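Below is one structure, written out as structure tokens; the observations come after it.
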Amino acid sequence: MNLKPLLASLLLTIICTTATAQQQRPWEKFLDELTASDDGDIEVSEEMFDVLSDLEDNPIDINHATRDELSRIPFLTAQQIEDIEAYIYQYHGMKSIGELSLIESLDPIRRQMLQYFITIQNDDGKAKFPKLKDIAKQGRSEVLATMKIPFYTRKGDRDGYLGPKYRHSVRYTFNVGSFIKFGLQGSQDAGEPLFASGNGKGYDYYSYYLVLRRLGRIKTLALGQYKLRLGMGLVMNNDFGFGKMMTLSSLGRSTNSVRAHSSRSQANYMQGAAATVTLTKGLELTGFFSYRGIDATLNEDGTIATIQKSGYHRTKAEMVRKNNAHETATGGNLHWQGGGFHVGVTGVYAHLDRELCPNTKQEYRRYYPAGSNFWNASVDYGYVNSRISFSGETATGNSHGIATINALSFIASNSVSLMLLQRYYGYKYSSLFSQSYSDGGHIQNENGIYFGITWKACENLNIMAYTDYAYFSKPRYQAMEASHSWDNAITATLTLKKWTVLGRYRIRIRQKDNSKKTGLTDDITQRGRLSVGYGGDTWLLRMQGDVAYNGYKDNSYGWMTSLTGGCKVWRLRLVGTFGYFDTDDYASRIYSYERGPLYSFSFPAYYGRGIRYALFVRGDITKDLMLICKCGISDYFDRDHISSGLQQIDGSSQTDLELQLRWKF
């Protein structure tokens with residue numbers, strides 16, 4: 001059956017007969033705008049998307065929330081968390097969502113966002129951890145099954161991949177308010193074997209977790225697979241990091257957090273146990289232990305050349321790498337907070353059962369971590385009040401290198417906030433679990449300064465801008481000598497009742513090797529976006545134009561125009577997207593957000609010349625049963641095949657169907 005005519009007809013009907021509909025998850029647009037400027041950092045976007053999706057399904061009771069619980073909302077700044085707590089204390093709680101407008105530090109965007117992740121309970125007593133006999137009665141279960149069906153065949157599907165071409169997963173979660181979260185998940189990437197070829201237990205990847213919160217002195221207890229962030233991430237952070245615009249939005253907030261690893265990602269998580277315990281008022285201890293298998297590419301002598309984080313096990317070579325090394329890690333953080341000040345001490349020890357021996361003959365890998373045993377220690381510190389927020393962390397380790405990051409934010413007025421962030425990551429510093437703000441993507445070999453401003457120019461106009469300069473004293477990938485980069489961006493958002501107009505411009509200059517590799521030359525990338533959207537209670541429409549330019553070895557230009565329309569009819573939600581793109585090559589690629597199933601983030605890159613059209617349909621069959629269907633088609637006009645290697649499709653068109661079924665009980 002040819003789906004293209006049917007899809008095109010449905011899509012044109014929706015676009016021609018609708019103006020635009022209120023999205024099921026309005027916060028997705030906000031996340032898109034904050035992450036789109038980071039050139040499609042999909043891993044960061046997916047992790048944050050998973051956090052926000054979970055918070056929406058299990059909102060926080062703001063009247064009884066602790067500072068730790070409010071810190072789970074990633075887009076709140078430290079000042080805003082303090083102001084919310086102060087308001088709740090002074091006025092003995094909120095009676096309605098509208099009271100958020102009385103908290104001056106909350107700008108209109110965050111006020112609108114926050115209502116999707118909080119609930120207001122006006123009871124007199126603070127909710128307590130449920131008794132064992134009440135857990136089953138108060139708990140809610142959810143089963144989520146997802147499948148992606150490709151209507152094409154890759155080269156690897158015919159010869160090379162060990163399993164079928166369908167990607168699918170099954171996920172079960174059990175929640176009791178914010179107190180208990182339990183989950184099991186099995187997932188399979190396209191091409192991976194099922195009940196065969198090394199996956200005799202069925203799915204290629206299983207995840208499981210149990211998280212308890214507010215259990216007496218135990219603030220958080222995680223068993224199984226979990227994410228951990230301590231301080232500002234110089235020593236330990238396998239949770240999501242913040243991109244440049246999101247860093248400005250959160251004003252460089254520092255926090256400790258332990259949460260469930262509930263995404264399909266097979267990398268960057270811990271496995272074992274972690275807990276945060278209140279010792280005395282203002283003093284907390286977070287400790288963890290983890291033991292897990294990791295994928296690795298091995299040298300001829302059995303040592304580790306590189307640690308793999310893709311999670312793919314589609315071919316015999318990829319299957320050989322599956323869990324062929326093991327990682328043990330333990331450590332913790334002692335944290336004190338009082339009078340607006342906070343200080344913490346972190347220590348982490350890690351052991352690999354195979355020695356890590358990267359190819360240091362490559363100059364940019366010369367200072368990569370090596371060995372079997374690793375330790376890191378740091379001090380994090382800060383101060384916050386209604387106007388000023390300062391946070392920082394300084395770390396070292398067995399590599400004898402130093403890393404430090406320090407962020408200062410200042411709310412100059414009700415309309416202007418400023419942020420200054422400095423970081424110095426010595427070329428000798430290394431940590432297996434670090435993730436923090438950086439331009440080069442590594443907490444090593446970088447010295448930089450970032451300045452950002454958020455300006456509410458008038459009631460309806462909000463402007464965010466930053467400039468970021470970084471210097472790399474040693475060679476790095478595609479730069480054989482010391483180099484620098486300079487990144488600048490500005491975003492303006494105008495809101496007029498149900499209309500939203502957004503404009504964004506970014507220019508990034510990075511030094512790279514020239515074509516003859518005799519010196520450095522500038523790699524200049526410029527991106528621009530203009531979008532106009534209308535959102536009502538039933539209809540939605542958004543028109544968007546993107547342009548890109550890259551000047552490196554050659555000049556490359558690209559542009560894309562897209563139209564999104566949708567409506568809500570009875571128990572159906574429909575969203576259609578149509579886009580045309582034309583770029584010279586991959587260097588001028590265009591990133592564009594696309595609506596997907598629950599807990600799924602789609603932010604593809606388009607390059608070449610072609611069209612993209614998709615139809616998303618959600619049907620709420622009952623209040624507890626939901627079905628999502630999404631069909632997307634990419635047609636290319638400039639090629640007779642798509643991709644290369646085992647991923648190659650012998651044709652100029654690519655059609656995917658995604659199905660998702662959710663049952664709550």
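Here's how to read the names in the structure tokens: chain A, B, ... by the order shown, residue numbers from 1 in each chain, ligand numbers from 1 in the order shown.
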
From the DSSP assignment of the backbone, select every residue of segment 85-186 of chain A that is alpha helix (DSSP H), and format the answer as an MDAnalysis selection string.
-> chainID A and resid 85:91 108:114 132:138 155:158

Those residues you just picked out, can you put them in a file as a PDB file, in the first residue's frame with N, CA and C atoms?
ATOM      1  N   GLU A  85       9.883  29.460  47.436  1.00  0.00           N
ATOM      2  CA  GLU A  85       9.849  28.979  48.817  1.00  0.00           C
ATOM      3  C   GLU A  85       9.468  30.104  49.781  1.00  0.00           C
ATOM      4  N   ALA A  86      10.015  31.290  49.546  1.00  0.00           N
ATOM      5  CA  ALA A  86       9.704  32.425  50.419  1.00  0.00           C
ATOM      6  C   ALA A  86       8.226  32.800  50.330  1.00  0.00           C
ATOM      7  N   TYR A  87       7.668  32.769  49.125  1.00  0.00           N
ATOM      8  CA  TYR A  87       6.253  33.104  48.947  1.00  0.00           C
ATOM      9  C   TYR A  87       5.367  32.082  49.650  1.00  0.00           C
ATOM     10  N   ILE A  88       5.693  30.796  49.482  1.00  0.00           N
ATOM     11  CA  ILE A  88       4.902  29.739  50.119  1.00  0.00           C
ATOM     12  C   ILE A  88       4.933  29.900  51.642  1.00  0.00           C
ATOM     13  N   TYR A  89       6.105  30.237  52.171  1.00  0.00           N
ATOM     14  CA  TYR A  89       6.249  30.399  53.622  1.00  0.00           C
ATOM     15  C   TYR A  89       5.484  31.622  54.120  1.00  0.00           C
ATOM     16  N   GLN A  90       5.603  32.729  53.386  1.00  0.00           N
ATOM     17  CA  GLN A  90       4.991  33.975  53.845  1.00  0.00           C
ATOM     18  C   GLN A  90       3.469  33.940  53.780  1.00  0.00           C
ATOM     19  N   TYR A  91       2.930  33.340  52.716  1.00  0.00           N
ATOM     20  CA  TYR A  91       1.477  33.372  52.514  1.00  0.00           C
ATOM     21  C   TYR A  91       0.818  32.017  52.783  1.00  0.00           C
ATOM     22  N   PRO A 108       7.241  35.713  32.229  1.00  0.00           N
ATOM     23  CA  PRO A 108       6.024  35.121  31.654  1.00  0.00           C
ATOM     24  C   PRO A 108       6.227  33.731  31.061  1.00  0.00           C
ATOM     25  N   ILE A 109       7.381  33.492  30.433  1.00  0.00           N
ATOM     26  CA  ILE A 109       7.620  32.182  29.812  1.00  0.00           C
ATOM     27  C   ILE A 109       7.679  31.096  30.870  1.00  0.00           C
ATOM     28  N   ARG A 110       8.420  31.345  31.956  1.00  0.00           N
ATOM     29  CA  ARG A 110       8.522  30.330  32.999  1.00  0.00           C
ATOM     30  C   ARG A 110       7.196  30.146  33.741  1.00  0.00           C
ATOM     31  N   ARG A 111       6.471  31.222  33.937  1.00  0.00           N
ATOM     32  CA  ARG A 111       5.154  31.085  34.579  1.00  0.00           C
ATOM     33  C   ARG A 111       4.253  30.178  33.751  1.00  0.00           C
ATOM     34  N   GLN A 112       4.279  30.377  32.451  1.00  0.00           N
ATOM     35  CA  GLN A 112       3.461  29.549  31.572  1.00  0.00           C
ATOM     36  C   GLN A 112       3.949  28.100  31.587  1.00  0.00           C
ATOM     37  N   MET A 113       5.262  27.911  31.580  1.00  0.00           N
ATOM     38  CA  MET A 113       5.833  26.564  31.595  1.00  0.00           C
ATOM     39  C   MET A 113       5.541  25.848  32.901  1.00  0.00           C
ATOM     40  N   LEU A 114       5.665  26.566  34.011  1.00  0.00           N
ATOM     41  CA  LEU A 114       5.617  25.952  35.331  1.00  0.00           C
ATOM     42  C   LEU A 114       4.269  25.289  35.619  1.00  0.00           C
ATOM     43  N   LEU A 132       2.909   0.892  53.984  1.00  0.00           N
ATOM     44  CA  LEU A 132       3.054  -0.258  53.088  1.00  0.00           C
ATOM     45  C   LEU A 132       1.699  -0.745  52.589  1.00  0.00           C
ATOM     46  N   LYS A 133       0.707  -0.778  53.465  1.00  0.00           N
ATOM     47  CA  LYS A 133      -0.604  -1.292  53.086  1.00  0.00           C
ATOM     48  C   LYS A 133      -1.341  -0.367  52.122  1.00  0.00           C
ATOM     49  N   ASP A 134      -0.910   0.916  52.039  1.00  0.00           N
ATOM     50  CA  ASP A 134      -1.589   1.885  51.180  1.00  0.00           C
ATOM     51  C   ASP A 134      -0.918   2.066  49.825  1.00  0.00           C
ATOM     52  N   ILE A 135       0.267   1.505  49.662  1.00  0.00           N
ATOM     53  CA  ILE A 135       1.024   1.732  48.425  1.00  0.00           C
ATOM     54  C   ILE A 135       0.262   1.224  47.209  1.00  0.00           C
ATOM     55  N   ALA A 136      -0.266  -0.010  47.300  1.00  0.00           N
ATOM     56  CA  ALA A 136      -0.981  -0.575  46.157  1.00  0.00           C
ATOM     57  C   ALA A 136      -2.233   0.229  45.829  1.00  0.00           C
ATOM     58  N   LYS A 137      -2.927   0.733  46.838  1.00  0.00           N
ATOM     59  CA  LYS A 137      -4.162   1.483  46.606  1.00  0.00           C
ATOM     60  C   LYS A 137      -3.872   2.860  46.008  1.00  0.00           C
ATOM     61  N   GLN A 138      -2.808   3.498  46.456  1.00  0.00           N
ATOM     62  CA  GLN A 138      -2.522   4.857  45.996  1.00  0.00           C
ATOM     63  C   GLN A 138      -1.723   4.887  44.695  1.00  0.00           C
ATOM     64  N   LYS A 155      20.874  -1.495   3.466  1.00  0.00           N
ATOM     65  CA  LYS A 155      21.835  -2.493   3.015  1.00  0.00           C
ATOM     66  C   LYS A 155      22.113  -3.507   4.115  1.00  0.00           C
ATOM     67  N   GLY A 156      22.221  -3.040   5.358  1.00  0.00           N
ATOM     68  CA  GLY A 156      22.485  -3.944   6.475  1.00  0.00           C
ATOM     69  C   GLY A 156      21.336  -4.882   6.768  1.00  0.00           C
ATOM     70  N   ASP A 157      20.094  -4.494   6.416  1.00  0.00           N
ATOM     71  CA  ASP A 157      18.948  -5.367   6.627  1.00  0.00           C
ATOM     72  C   ASP A 157      19.020  -6.599   5.727  1.00  0.00           C
ATOM     73  N   ARG A 158      19.635  -6.424   4.558  1.00  0.00           N
ATOM     74  CA  ARG A 158      19.795  -7.549   3.639  1.00  0.00           C
ATOM     75  C   ARG A 158      21.001  -8.406   4.004  1.00  0.00           C
TER      76      ARG A 158
END

Within 6 Å of Glu142 of chain A, counting only C-alpha atoms, which residues qualify if same-chain residues fewer than 2 places away don't, as a list in words?
-> Tyr172, Thr173, Trp663 and Lys664 of chain A

Using only C-alpha atoms, which of A:Tyr381, A:Phe472, A:Phe49, A:Tyr166 sits nearest Ser263 of chain A?
->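 Ranking A:Tyr381, A:Phe472, A:Phe49, A:Tyr166 by distance to Ser263 of chain A, first place goes to A:Phe49.
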
Work out how far apart atom CA of Asp624 of chain A and atom CA of Lys148 of chain A are and give it in Å to one decimal.
->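 Distance between the two atoms: 22.6 Å.
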
Shell around segment 129-131 of chain A at 10 Å using only C-alpha atoms, local window under 5 positions removed, as a list in words | Ala136, Gln138, Gly139, Val176, Gly177, Ser178, Phe179, Ile180, Leu212, Arg213, Arg214, Leu215 and Gly216 of chain A

Emit the selected residues as a PDB file, in the first residue's frame, including N, CA, C and O atoms.
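Saved as again_34.pdb:
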ATOM      1  N   ALA A 136      -0.266  -0.010  47.300  1.00  0.00           N
ATOM      2  CA  ALA A 136      -0.981  -0.575  46.157  1.00  0.00           C
ATOM      3  C   ALA A 136      -2.233   0.229  45.829  1.00  0.00           C
ATOM      4  O   ALA A 136      -2.579   0.426  44.653  1.00  0.00           O
ATOM      5  N   GLN A 138      -2.808   3.498  46.456  1.00  0.00           N
ATOM      6  CA  GLN A 138      -2.522   4.857  45.996  1.00  0.00           C
ATOM      7  C   GLN A 138      -1.723   4.887  44.695  1.00  0.00           C
ATOM      8  O   GLN A 138      -1.669   5.918  44.028  1.00  0.00           O
ATOM      9  N   GLY A 139      -1.096   3.771  44.346  1.00  0.00           N
ATOM     10  CA  GLY A 139      -0.211   3.753  43.186  1.00  0.00           C
ATOM     11  C   GLY A 139      -0.952   3.720  41.863  1.00  0.00           C
ATOM     12  O   GLY A 139      -2.102   3.293  41.767  1.00  0.00           O
ATOM     13  N   VAL A 176       3.722   6.314  43.060  1.00  0.00           N
ATOM     14  CA  VAL A 176       2.877   6.731  44.178  1.00  0.00           C
ATOM     15  C   VAL A 176       3.241   8.186  44.457  1.00  0.00           C
ATOM     16  O   VAL A 176       4.191   8.483  45.191  1.00  0.00           O
ATOM     17  N   GLY A 177       2.508   9.096  43.825  1.00  0.00           N
ATOM     18  CA  GLY A 177       2.811  10.522  43.966  1.00  0.00           C
ATOM     19  C   GLY A 177       4.268  10.799  43.626  1.00  0.00           C
ATOM     20  O   GLY A 177       4.821  10.267  42.669  1.00  0.00           O
ATOM     21  N   SER A 178       4.896  11.632  44.448  1.00  0.00           N
ATOM     22  CA  SER A 178       6.317  11.919  44.279  1.00  0.00           C
ATOM     23  C   SER A 178       7.176  11.051  45.188  1.00  0.00           C
ATOM     24  O   SER A 178       8.396  11.221  45.243  1.00  0.00           O
ATOM     25  N   PHE A 179       6.545  10.081  45.881  1.00  0.00           N
ATOM     26  CA  PHE A 179       7.261   9.293  46.874  1.00  0.00           C
ATOM     27  C   PHE A 179       7.947   8.055  46.294  1.00  0.00           C
ATOM     28  O   PHE A 179       9.074   7.730  46.653  1.00  0.00           O
ATOM     29  N   ILE A 180       7.268   7.349  45.412  1.00  0.00           N
ATOM     30  CA  ILE A 180       7.780   6.076  44.914  1.00  0.00           C
ATOM     31  C   ILE A 180       7.691   6.052  43.393  1.00  0.00           C
ATOM     32  O   ILE A 180       6.652   6.412  42.815  1.00  0.00           O
ATOM     33  N   LEU A 212      12.876   6.120  45.820  1.00  0.00           N
ATOM     34  CA  LEU A 212      12.043   6.528  46.954  1.00  0.00           C
ATOM     35  C   LEU A 212      12.445   7.946  47.357  1.00  0.00           C
ATOM     36  O   LEU A 212      13.641   8.258  47.416  1.00  0.00           O
ATOM     37  N   ARG A 213      11.478   8.773  47.649  1.00  0.00           N
ATOM     38  CA  ARG A 213      11.746  10.154  48.064  1.00  0.00           C
ATOM     39  C   ARG A 213      11.002  10.458  49.359  1.00  0.00           C
ATOM     40  O   ARG A 213       9.932   9.926  49.620  1.00  0.00           O
ATOM     41  N   ARG A 214      11.624  11.350  50.164  1.00  0.00           N
ATOM     42  CA  ARG A 214      11.012  11.861  51.401  1.00  0.00           C
ATOM     43  C   ARG A 214      10.654  10.726  52.353  1.00  0.00           C
ATOM     44  O   ARG A 214       9.569  10.680  52.913  1.00  0.00           O
ATOM     45  N   LEU A 215      11.585   9.823  52.543  1.00  0.00           N
ATOM     46  CA  LEU A 215      11.408   8.703  53.462  1.00  0.00           C
ATOM     47  C   LEU A 215      12.179   9.020  54.737  1.00  0.00           C
ATOM     48  O   LEU A 215      13.311   8.591  54.942  1.00  0.00           O
ATOM     49  N   GLY A 216      11.573   9.831  55.610  1.00  0.00           N
ATOM     50  CA  GLY A 216      12.250  10.268  56.822  1.00  0.00           C
ATOM     51  C   GLY A 216      13.456  11.134  56.476  1.00  0.00           C
ATOM     52  O   GLY A 216      13.355  12.105  55.726  1.00  0.00           O
TER      53      GLY A 216
END

12 Å contact set for Lys165 of chain A, only C-alpha atoms, chain neighbours under 6 positions out, as a list in words |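 Residues meeting the cut-off are Met147, Lys148, Ile149, Pro150, Phe151, Tyr152, Thr153, Arg154, Lys155, Gly156, Asp157, Arg158, Asp159, Gln188, Asp189, Ala190, Gly191, Glu192, Pro193, Leu194, Arg314, Leu646, Gln647 and Asp656 of chain A.
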
Could you turn the residues from that selection into a file that holds C-alpha atoms, as a tab-separated table (two decimals), in the first residue's frame?
chain	number	residue	atom	x	y	z
A	147	MET	CA	7.35	0.56	17.65
A	148	LYS	CA	8.96	2.18	14.61
A	149	ILE	CA	8.29	0.52	11.25
A	150	PRO	CA	10.45	1.52	8.26
A	151	PHE	CA	8.92	1.14	4.78
A	152	TYR	CA	12.33	0.67	3.19
A	153	THR	CA	15.26	-1.71	3.42
A	154	ARG	CA	18.79	-0.72	4.37
A	155	LYS	CA	21.84	-2.49	3.01
A	156	GLY	CA	22.49	-3.94	6.47
A	157	ASP	CA	18.95	-5.37	6.63
A	158	ARG	CA	19.79	-7.55	3.64
A	159	ASP	CA	23.30	-8.51	4.72
A	188	GLN	CA	15.55	-2.87	20.82
A	189	ASP	CA	17.23	-0.76	18.13
A	190	ALA	CA	16.67	-1.49	14.46
A	191	GLY	CA	18.94	-4.31	13.30
A	192	GLU	CA	19.57	-5.80	16.74
A	193	PRO	CA	18.78	-9.50	17.31
A	194	LEU	CA	15.84	-10.60	19.47
A	314	ARG	CA	23.51	-4.70	15.21
A	646	LEU	CA	25.10	-0.58	6.04
A	647	GLN	CA	22.62	2.30	6.55
A	656	ASP	CA	8.67	5.63	8.72

Between A:Glu481, A:Asp68, A:Asp61, A:Asp650, which has the minimum distance to Gln115 of chain A (counting only C-alpha atoms)?
->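 Smallest distance to Gln115 of chain A is found for A:Asp61.
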
Using only C-alpha atoms, what table do you get, as a Markdown table, when you list each residue of segment 331-404 of chain A with an atom no more than 6 Å from segment 416-430 of chain A, its nearest pair of atoms, and their distance in Å rounded to one decimal, rows by chain then rising number?
| residue | atom | partner | partner_atom | distance |
| --- | --- | --- | --- | --- |
| A:Tyr367 | CA | A:Lys428 | CA | 6.0 |
| A:Pro369 | CA | A:Ser430 | CA | 5.9 |
| A:Ser399 | CA | A:Tyr429 | CA | 5.9 |
| A:Gly401 | CA | A:Tyr429 | CA | 3.9 |
| A:Ile402 | CA | A:Gly426 | CA | 5.4 |
| A:Ala403 | CA | A:Tyr425 | CA | 4.3 |
| A:Thr404 | CA | A:Tyr424 | CA | 5.3 |

Since we have the selection now, will you write its residues out, keeping all heavy atoms, as a JSON list (two decimals), in the first residue's frame?
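out27.json, written as the output of this step:
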[["chain", "number", "residue", "atom", "x", "y", "z"],
["A", 367, "TYR", "N", 46.36, 13.57, 25.97],
["A", 367, "TYR", "CA", 46.08, 13.69, 27.40],
["A", 367, "TYR", "C", 44.75, 13.04, 27.78],
["A", 367, "TYR", "O", 44.19, 13.37, 28.83],
["A", 367, "TYR", "CB", 46.10, 15.16, 27.80],
["A", 367, "TYR", "CG", 47.45, 15.80, 27.61],
["A", 367, "TYR", "CD1", 47.71, 16.59, 26.48],
["A", 367, "TYR", "CD2", 48.47, 15.61, 28.53],
["A", 367, "TYR", "CE1", 48.95, 17.17, 26.29],
["A", 367, "TYR", "CE2", 49.72, 16.19, 28.35],
["A", 367, "TYR", "CZ", 49.95, 16.96, 27.22],
["A", 367, "TYR", "OH", 51.19, 17.53, 27.04],
["A", 369, "PRO", "N", 42.28, 10.29, 29.37],
["A", 369, "PRO", "CA", 42.49, 9.46, 30.57],
["A", 369, "PRO", "C", 42.98, 8.07, 30.19],
["A", 369, "PRO", "O", 42.55, 7.48, 29.20],
["A", 369, "PRO", "CB", 41.10, 9.41, 31.21],
["A", 369, "PRO", "CG", 40.14, 9.80, 30.13],
["A", 369, "PRO", "CD", 40.88, 10.73, 29.25],
["A", 399, "SER", "N", 45.21, 12.65, 37.49],
["A", 399, "SER", "CA", 45.96, 13.16, 36.35],
["A", 399, "SER", "C", 46.75, 14.42, 36.71],
["A", 399, "SER", "O", 47.51, 14.92, 35.88],
["A", 399, "SER", "CB", 45.00, 13.49, 35.20],
["A", 399, "SER", "OG", 44.08, 14.50, 35.58],
["A", 401, "GLY", "N", 45.73, 17.38, 37.00],
["A", 401, "GLY", "CA", 45.24, 18.57, 36.33],
["A", 401, "GLY", "C", 44.23, 19.30, 37.21],
["A", 401, "GLY", "O", 43.73, 18.77, 38.20],
["A", 402, "ILE", "N", 43.92, 20.53, 36.83],
["A", 402, "ILE", "CA", 42.97, 21.37, 37.56],
["A", 402, "ILE", "C", 41.85, 21.78, 36.62],
["A", 402, "ILE", "O", 42.08, 22.10, 35.45],
["A", 402, "ILE", "CB", 43.65, 22.63, 38.13],
["A", 402, "ILE", "CG1", 44.72, 22.24, 39.14],
["A", 402, "ILE", "CG2", 42.62, 23.55, 38.78],
["A", 402, "ILE", "CD1", 44.18, 21.64, 40.43],
["A", 403, "ALA", "N", 40.64, 21.80, 37.15],
["A", 403, "ALA", "CA", 39.49, 22.33, 36.40],
["A", 403, "ALA", "C", 38.66, 23.18, 37.35],
["A", 403, "ALA", "O", 38.47, 22.81, 38.52],
["A", 403, "ALA", "CB", 38.65, 21.20, 35.83],
["A", 404, "THR", "N", 38.17, 24.29, 36.85],
["A", 404, "THR", "CA", 37.31, 25.15, 37.67],
["A", 404, "THR", "C", 36.28, 25.83, 36.79],
["A", 404, "THR", "O", 36.55, 26.17, 35.63],
["A", 404, "THR", "CB", 38.12, 26.20, 38.45],
["A", 404, "THR", "OG1", 37.25, 26.92, 39.32],
["A", 404, "THR", "CG2", 38.82, 27.17, 37.52]]

Would you mind listing what lies within 8 Å of segment 635-643 of chain A as a ChimeraX atom specification, with only C-alpha atoms counted and same-chain residues fewer than 4 positions away left out?
-> /A:608-612,647-654

Written selection (all heavy atoms) as a compact mmCIF listing (two decimals), in the first residue's frame:
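The result, written out as again-v9.txt:
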# COMPACT_ATOMS: atom_id res chain seq x y z
N GLY A 608 20.88 18.73 1.55
CA GLY A 608 20.55 18.37 0.18
C GLY A 608 19.32 19.14 -0.26
O GLY A 608 19.06 20.26 0.21
N ARG A 609 18.51 18.54 -1.13
CA ARG A 609 17.30 19.20 -1.62
C ARG A 609 16.15 18.21 -1.57
O ARG A 609 16.27 17.08 -2.10
CB ARG A 609 17.51 19.72 -3.04
CG ARG A 609 16.36 20.58 -3.56
CD ARG A 609 16.81 21.37 -4.79
NE ARG A 609 17.24 20.48 -5.85
CZ ARG A 609 16.44 20.00 -6.80
NH1 ARG A 609 15.15 20.34 -6.81
NH2 ARG A 609 16.90 19.21 -7.73
N GLY A 610 15.05 18.61 -0.93
CA GLY A 610 13.92 17.70 -0.84
C GLY A 610 12.80 18.27 -0.02
O GLY A 610 12.78 19.45 0.34
N ILE A 611 11.84 17.41 0.31
CA ILE A 611 10.70 17.81 1.12
C ILE A 611 10.53 16.81 2.26
O ILE A 611 10.91 15.64 2.16
CB ILE A 611 9.38 17.89 0.30
CG1 ILE A 611 9.07 16.54 -0.36
CG2 ILE A 611 9.44 19.01 -0.71
CD1 ILE A 611 7.73 16.52 -1.07
N ARG A 612 9.95 17.31 3.33
CA ARG A 612 9.65 16.49 4.50
C ARG A 612 8.21 16.75 4.89
O ARG A 612 7.80 17.90 5.06
CB ARG A 612 10.58 16.84 5.66
CG ARG A 612 10.21 16.20 7.00
CD ARG A 612 10.41 14.71 7.01
NE ARG A 612 10.05 14.14 8.32
CZ ARG A 612 10.15 12.84 8.60
NH1 ARG A 612 10.59 11.99 7.67
NH2 ARG A 612 9.81 12.39 9.79
N GLN A 647 23.84 1.49 6.41
CA GLN A 647 22.62 2.30 6.55
C GLN A 647 22.06 2.75 5.21
O GLN A 647 21.02 3.40 5.16
CB GLN A 647 22.91 3.53 7.41
CG GLN A 647 23.16 3.23 8.87
CD GLN A 647 21.89 2.82 9.59
OE1 GLN A 647 21.59 1.64 9.74
NE2 GLN A 647 21.12 3.80 10.03
N GLN A 648 22.71 2.40 4.11
CA GLN A 648 22.30 2.91 2.80
C GLN A 648 20.94 2.38 2.38
O GLN A 648 20.64 1.19 2.50
CB GLN A 648 23.34 2.55 1.74
CG GLN A 648 22.99 3.06 0.35
CD GLN A 648 24.11 2.86 -0.65
OE1 GLN A 648 25.27 3.16 -0.34
NE2 GLN A 648 23.80 2.34 -1.83
N ILE A 649 20.10 3.29 1.88
CA ILE A 649 18.79 2.96 1.33
C ILE A 649 18.86 3.20 -0.17
O ILE A 649 19.21 4.29 -0.62
CB ILE A 649 17.69 3.84 1.96
CG1 ILE A 649 17.67 3.68 3.48
CG2 ILE A 649 16.34 3.52 1.36
CD1 ILE A 649 16.80 4.70 4.18
N ASP A 650 18.55 2.18 -0.96
CA ASP A 650 18.62 2.30 -2.42
C ASP A 650 17.34 2.94 -2.93
O ASP A 650 16.43 2.27 -3.44
CB ASP A 650 18.84 0.92 -3.05
CG ASP A 650 20.19 0.33 -2.70
OD1 ASP A 650 21.13 1.11 -2.47
OD2 ASP A 650 20.31 -0.91 -2.64
N GLY A 651 17.28 4.22 -2.79
CA GLY A 651 16.12 4.98 -3.23
C GLY A 651 16.22 6.40 -2.74
O GLY A 651 17.08 6.74 -1.93
N SER A 652 15.33 7.26 -3.21
CA SER A 652 15.38 8.68 -2.85
C SER A 652 14.29 9.07 -1.85
O SER A 652 14.10 10.25 -1.58
CB SER A 652 15.25 9.54 -4.11
OG SER A 652 14.00 9.28 -4.75
N SER A 653 13.58 8.08 -1.33
CA SER A 653 12.50 8.36 -0.40
C SER A 653 12.62 7.48 0.83
O SER A 653 13.06 6.32 0.75
CB SER A 653 11.14 8.12 -1.07
OG SER A 653 10.07 8.40 -0.20
N GLN A 654 12.23 8.04 1.98
CA GLN A 654 12.32 7.33 3.26
C GLN A 654 11.02 7.55 4.03
O GLN A 654 10.66 8.68 4.35
CB GLN A 654 13.52 7.82 4.06
CG GLN A 654 13.74 7.14 5.38
CD GLN A 654 15.02 7.60 6.07
OE1 GLN A 654 15.85 8.29 5.48
NE2 GLN A 654 15.18 7.24 7.32

Name the residues in contact with Thr255 of chain A at a cut-off of 9 Å, using only C-alpha atoms, excluding same-chain residues fewer than 4 positions from it; report them as JSON, numbers by chain.
-> {"A": [68, 71, 229, 230, 231, 232]}

Skipping near chain neighbours, those fewer than 2 positions away, what residues fall within 6 Å of Gly344 of chain A using only C-alpha atoms, listed as a list in words?
-> Leu334, His335, Val379 and Asp380 of chain A

Apply DSSP to the backbone of this structure and, from segment 362-595 of chain A, keep only the residues in strand (DSSP E or B); write these as number ranges by chain.
-> A: 371-384, 388-397, 402-411, 416-425, 446-458, 461-472, 476, 479, 483-496, 499-513, 520-535, 539-551, 555-569, 572-583, 590-591, 594
